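S.K.: upload.pdb is reproduced below (PDB, C-alpha atoms, pLDDT in the B column).
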```pdb
ATOM      1  CA  MET R   1     -24.274 -47.926  57.396  1.00 97.00           C
ATOM      2  CA  ARG R   2     -23.754 -51.052  55.348  1.00 98.00           C
ATOM      3  CA  LYS R   3     -23.324 -54.510  56.875  1.00 98.00           C
ATOM      4  CA  SER R   4     -23.331 -58.061  55.582  1.00 98.00           C
ATOM      5  CA  PHE R   5     -24.717 -61.107  57.350  1.00 98.00           C
ATOM      6  CA  ARG R   6     -24.557 -64.824  56.651  1.00 98.00           C
ATOM      7  CA  LEU R   7     -27.864 -66.517  55.926  1.00 97.00           C
ATOM      8  CA  ASP R   8     -28.453 -70.005  57.221  1.00 95.00           C
ATOM      9  CA  GLU R   9     -30.827 -72.268  55.254  1.00 93.00           C
ATOM     10  CA  ILE R  10     -31.892 -70.123  52.301  1.00 93.00           C
ATOM     11  CA  ASP R  11     -33.243 -72.868  50.029  1.00 90.00           C
ATOM     12  CA  CYS R  12     -33.151 -71.573  46.462  1.00 94.00           C
ATOM     13  CA  ALA R  13     -32.457 -68.579  44.240  1.00 96.00           C
ATOM     14  CA  ASN R  14     -36.180 -67.917  43.891  1.00 96.00           C
ATOM     15  CA  CYS R  15     -36.548 -67.770  47.690  1.00 94.00           C
ATOM     16  CA  ALA R  16     -33.602 -65.362  47.883  1.00 97.00           C
ATOM     17  CA  ARG R  17     -35.173 -63.100  45.250  1.00 97.00           C
ATOM     18  CA  LYS R  18     -38.566 -63.149  46.996  1.00 96.00           C
ATOM     19  CA  LEU R  19     -36.904 -62.300  50.301  1.00 97.00           C
ATOM     20  CA  GLN R  20     -34.892 -59.467  48.749  1.00 98.00           C
ATOM     21  CA  ASP R  21     -38.029 -57.955  47.168  1.00 98.00           C
ATOM     22  CA  GLU R  22     -39.890 -58.032  50.500  1.00 97.00           C
ATOM     23  CA  LEU R  23     -36.957 -56.552  52.434  1.00 98.00           C
ATOM     24  CA  ALA R  24     -36.542 -53.727  49.917  1.00 98.00           C
ATOM     25  CA  ARG R  25     -40.070 -52.550  50.778  1.00 98.00           C
ATOM     26  CA  LEU R  26     -39.330 -52.105  54.491  1.00 97.00           C
ATOM     27  CA  ASP R  27     -39.243 -48.528  55.766  1.00 97.00           C
ATOM     28  CA  GLY R  28     -35.683 -47.481  56.533  1.00 98.00           C
ATOM     29  CA  VAL R  29     -33.987 -49.929  54.166  1.00 98.00           C
ATOM     30  CA  ASP R  30     -31.872 -47.901  51.742  1.00 98.00           C
ATOM     31  CA  ALA R  31     -30.570 -50.942  49.854  1.00 98.00           C
ATOM     32  CA  VAL R  32     -30.601 -54.700  50.304  1.00 98.00           C
ATOM     33  CA  SER R  33     -29.091 -57.638  48.486  1.00 98.00           C
ATOM     34  CA  VAL R  34     -29.717 -61.330  49.106  1.00 98.00           C
ATOM     35  CA  ASN R  35     -27.269 -63.651  47.352  1.00 97.00           C
ATOM     36  CA  PHE R  36     -28.241 -67.313  47.208  1.00 97.00           C
ATOM     37  CA  LEU R  37     -24.828 -68.565  46.046  1.00 96.00           C
ATOM     38  CA  THR R  38     -22.868 -66.901  48.840  1.00 97.00           C
ATOM     39  CA  GLN R  39     -25.714 -67.240  51.373  1.00 97.00           C
ATOM     40  CA  LYS R  40     -25.257 -63.566  52.258  1.00 97.00           C
ATOM     41  CA  LEU R  41     -27.549 -60.624  53.007  1.00 98.00           C
ATOM     42  CA  THR R  42     -26.152 -57.114  52.623  1.00 98.00           C
ATOM     43  CA  LEU R  43     -28.179 -54.337  54.247  1.00 98.00           C
ATOM     44  CA  THR R  44     -27.776 -50.571  53.963  1.00 98.00           C
ATOM     45  CA  ALA R  45     -29.686 -48.218  56.277  1.00 98.00           C
ATOM     46  CA  ALA R  46     -29.126 -44.898  58.042  1.00 98.00           C
ATOM     47  CA  ASP R  47     -26.634 -45.176  60.915  1.00 97.00           C
ATOM     48  CA  GLU R  48     -29.022 -43.836  63.541  1.00 98.00           C
ATOM     49  CA  ARG R  49     -31.794 -46.261  62.527  1.00 97.00           C
ATOM     50  CA  PHE R  50     -29.717 -49.316  61.646  1.00 98.00           C
ATOM     51  CA  ASP R  51     -30.430 -51.403  64.763  1.00 97.00           C
ATOM     52  CA  ASP R  52     -34.182 -50.780  64.502  1.00 98.00           C
ATOM     53  CA  VAL R  53     -34.205 -51.593  60.787  1.00 98.00           C
ATOM     54  CA  LEU R  54     -32.170 -54.754  61.401  1.00 97.00           C
ATOM     55  CA  GLU R  55     -34.694 -55.967  63.984  1.00 97.00           C
ATOM     56  CA  ARG R  56     -37.507 -55.500  61.457  1.00 97.00           C
ATOM     57  CA  VAL R  57     -35.430 -57.285  58.805  1.00 98.00           C
ATOM     58  CA  VAL R  58     -34.902 -60.263  61.151  1.00 97.00           C
ATOM     59  CA  ALA R  59     -38.645 -60.421  61.874  1.00 97.00           C
ATOM     60  CA  LEU R  60     -39.535 -60.265  58.179  1.00 97.00           C
ATOM     61  CA  VAL R  61     -37.045 -62.993  57.277  1.00 97.00           C
ATOM     62  CA  ALA R  62     -38.593 -65.236  59.943  1.00 96.00           C
ATOM     63  CA  ARG R  63     -42.053 -64.606  58.496  1.00 96.00           C
ATOM     64  CA  VAL R  64     -41.235 -64.895  54.764  1.00 94.00           C
ATOM     65  CA  GLU R  65     -38.679 -67.745  54.989  1.00 95.00           C
ATOM     66  CA  PRO R  66     -39.247 -69.545  58.323  1.00 94.00           C
ATOM     67  CA  ASP R  67     -36.335 -71.968  57.798  1.00 93.00           C
ATOM     68  CA  CYS R  68     -33.864 -69.155  57.084  1.00 95.00           C
ATOM     69  CA  GLU R  69     -31.946 -67.404  59.846  1.00 95.00           C
ATOM     70  CA  ILE R  70     -29.700 -64.335  59.821  1.00 96.00           C
ATOM     71  CA  VAL R  71     -26.434 -65.155  61.577  1.00 94.00           C
ATOM     72  CA  ARG R  72     -25.250 -62.076  63.476  1.00 87.00           C
TER      73      ARG R  72
END
```
Using structure tokens, write down the structure from this file.

M.R.:
Amino acid sequence: MRKSFRLDEIDCANCARKLQDELARLDGVDAVSVNFLTQKLTLTAADERFDDVLERVVALVARVEPDCEIVR
């Protein structure tokens, strides 16, 4: 499954790249893209695990970029 989410308060392109690199390492993430210009996160994960992976993505975003929030 592939879904896109709006990011609120991603501060710079470097922050977006750092966040993308960290998210790509999470178990269950097949592909991830964080675009600073569009303020968008695109996540691909297996259908049956998507909700679990998304919860871990949300937690990681809060830890790596505390000011950034995924708008669901």

S.K.: Here's the selection I'm unsure about, the PyMOL selection byres ((chain R and resi 38-41) around 12); applied to the file above, which residues does it give, as a ChimeraX atom specification?

M.R.: /R:2-13,15-17,19-20,23-24,31-37,42-44,54,57-58,61,68-72

S.K.: Please, could you write that set of residues out with C-alpha atoms as a PDB file, in the frame of the given file?

M.R.:
```
ATOM      1  CA  ARG R   2     -23.754 -51.052  55.348  1.00 98.00           C
ATOM      2  CA  LYS R   3     -23.324 -54.510  56.875  1.00 98.00           C
ATOM      3  CA  SER R   4     -23.331 -58.061  55.582  1.00 98.00           C
ATOM      4  CA  PHE R   5     -24.717 -61.107  57.350  1.00 98.00           C
ATOM      5  CA  ARG R   6     -24.557 -64.824  56.651  1.00 98.00           C
ATOM      6  CA  LEU R   7     -27.864 -66.517  55.926  1.00 97.00           C
ATOM      7  CA  ASP R   8     -28.453 -70.005  57.221  1.00 95.00           C
ATOM      8  CA  GLU R   9     -30.827 -72.268  55.254  1.00 93.00           C
ATOM      9  CA  ILE R  10     -31.892 -70.123  52.301  1.00 93.00           C
ATOM     10  CA  ASP R  11     -33.243 -72.868  50.029  1.00 90.00           C
ATOM     11  CA  CYS R  12     -33.151 -71.573  46.462  1.00 94.00           C
ATOM     12  CA  ALA R  13     -32.457 -68.579  44.240  1.00 96.00           C
ATOM     13  CA  CYS R  15     -36.548 -67.770  47.690  1.00 94.00           C
ATOM     14  CA  ALA R  16     -33.602 -65.362  47.883  1.00 97.00           C
ATOM     15  CA  ARG R  17     -35.173 -63.100  45.250  1.00 97.00           C
ATOM     16  CA  LEU R  19     -36.904 -62.300  50.301  1.00 97.00           C
ATOM     17  CA  GLN R  20     -34.892 -59.467  48.749  1.00 98.00           C
ATOM     18  CA  LEU R  23     -36.957 -56.552  52.434  1.00 98.00           C
ATOM     19  CA  ALA R  24     -36.542 -53.727  49.917  1.00 98.00           C
ATOM     20  CA  ALA R  31     -30.570 -50.942  49.854  1.00 98.00           C
ATOM     21  CA  VAL R  32     -30.601 -54.700  50.304  1.00 98.00           C
ATOM     22  CA  SER R  33     -29.091 -57.638  48.486  1.00 98.00           C
ATOM     23  CA  VAL R  34     -29.717 -61.330  49.106  1.00 98.00           C
ATOM     24  CA  ASN R  35     -27.269 -63.651  47.352  1.00 97.00           C
ATOM     25  CA  PHE R  36     -28.241 -67.313  47.208  1.00 97.00           C
ATOM     26  CA  LEU R  37     -24.828 -68.565  46.046  1.00 96.00           C
ATOM     27  CA  THR R  42     -26.152 -57.114  52.623  1.00 98.00           C
ATOM     28  CA  LEU R  43     -28.179 -54.337  54.247  1.00 98.00           C
ATOM     29  CA  THR R  44     -27.776 -50.571  53.963  1.00 98.00           C
ATOM     30  CA  LEU R  54     -32.170 -54.754  61.401  1.00 97.00           C
ATOM     31  CA  VAL R  57     -35.430 -57.285  58.805  1.00 98.00           C
ATOM     32  CA  VAL R  58     -34.902 -60.263  61.151  1.00 97.00           C
ATOM     33  CA  VAL R  61     -37.045 -62.993  57.277  1.00 97.00           C
ATOM     34  CA  CYS R  68     -33.864 -69.155  57.084  1.00 95.00           C
ATOM     35  CA  GLU R  69     -31.946 -67.404  59.846  1.00 95.00           C
ATOM     36  CA  ILE R  70     -29.700 -64.335  59.821  1.00 96.00           C
ATOM     37  CA  VAL R  71     -26.434 -65.155  61.577  1.00 94.00           C
ATOM     38  CA  ARG R  72     -25.250 -62.076  63.476  1.00 87.00           C
TER      39      ARG R  72
END
```

S.K.: Quick check, in Å to one decimal: how far apart do CA of Asp27 (chain R) and CA of Asn14 (chain R) lie?

M.R.: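 CA of Asn14 (chain R) lies 22.9 Å from CA of Asp27 (chain R).
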
S.K.: Using the file's own x, y and z axes, what box holds all listed atoms of region 32-44 of chain R with 5 Å on each side, keeping edges along x, y and z, and what are its centre and edge lengths in Å to one decimal, as AutoDock Vina command-line options?

M.R.:
```
--center_x -26.7 --center_y -59.6 --center_z 50.1 --size_x 17.7 --size_y 28.0 --size_z 18.2
```

S.K.: Using Å and a single decimal, report how far CA of Ala46 (chain R) sits from CA of Arg63 (chain R).

M.R.: 23.6 Å

S.K.: What's the separation between CA of Val53 (chain R) and CA of Val29 (chain R), in Å to one decimal place?

M.R.: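 Calculated distance between CA of Val53 (chain R) and CA of Val29 (chain R) is 6.8 Å.
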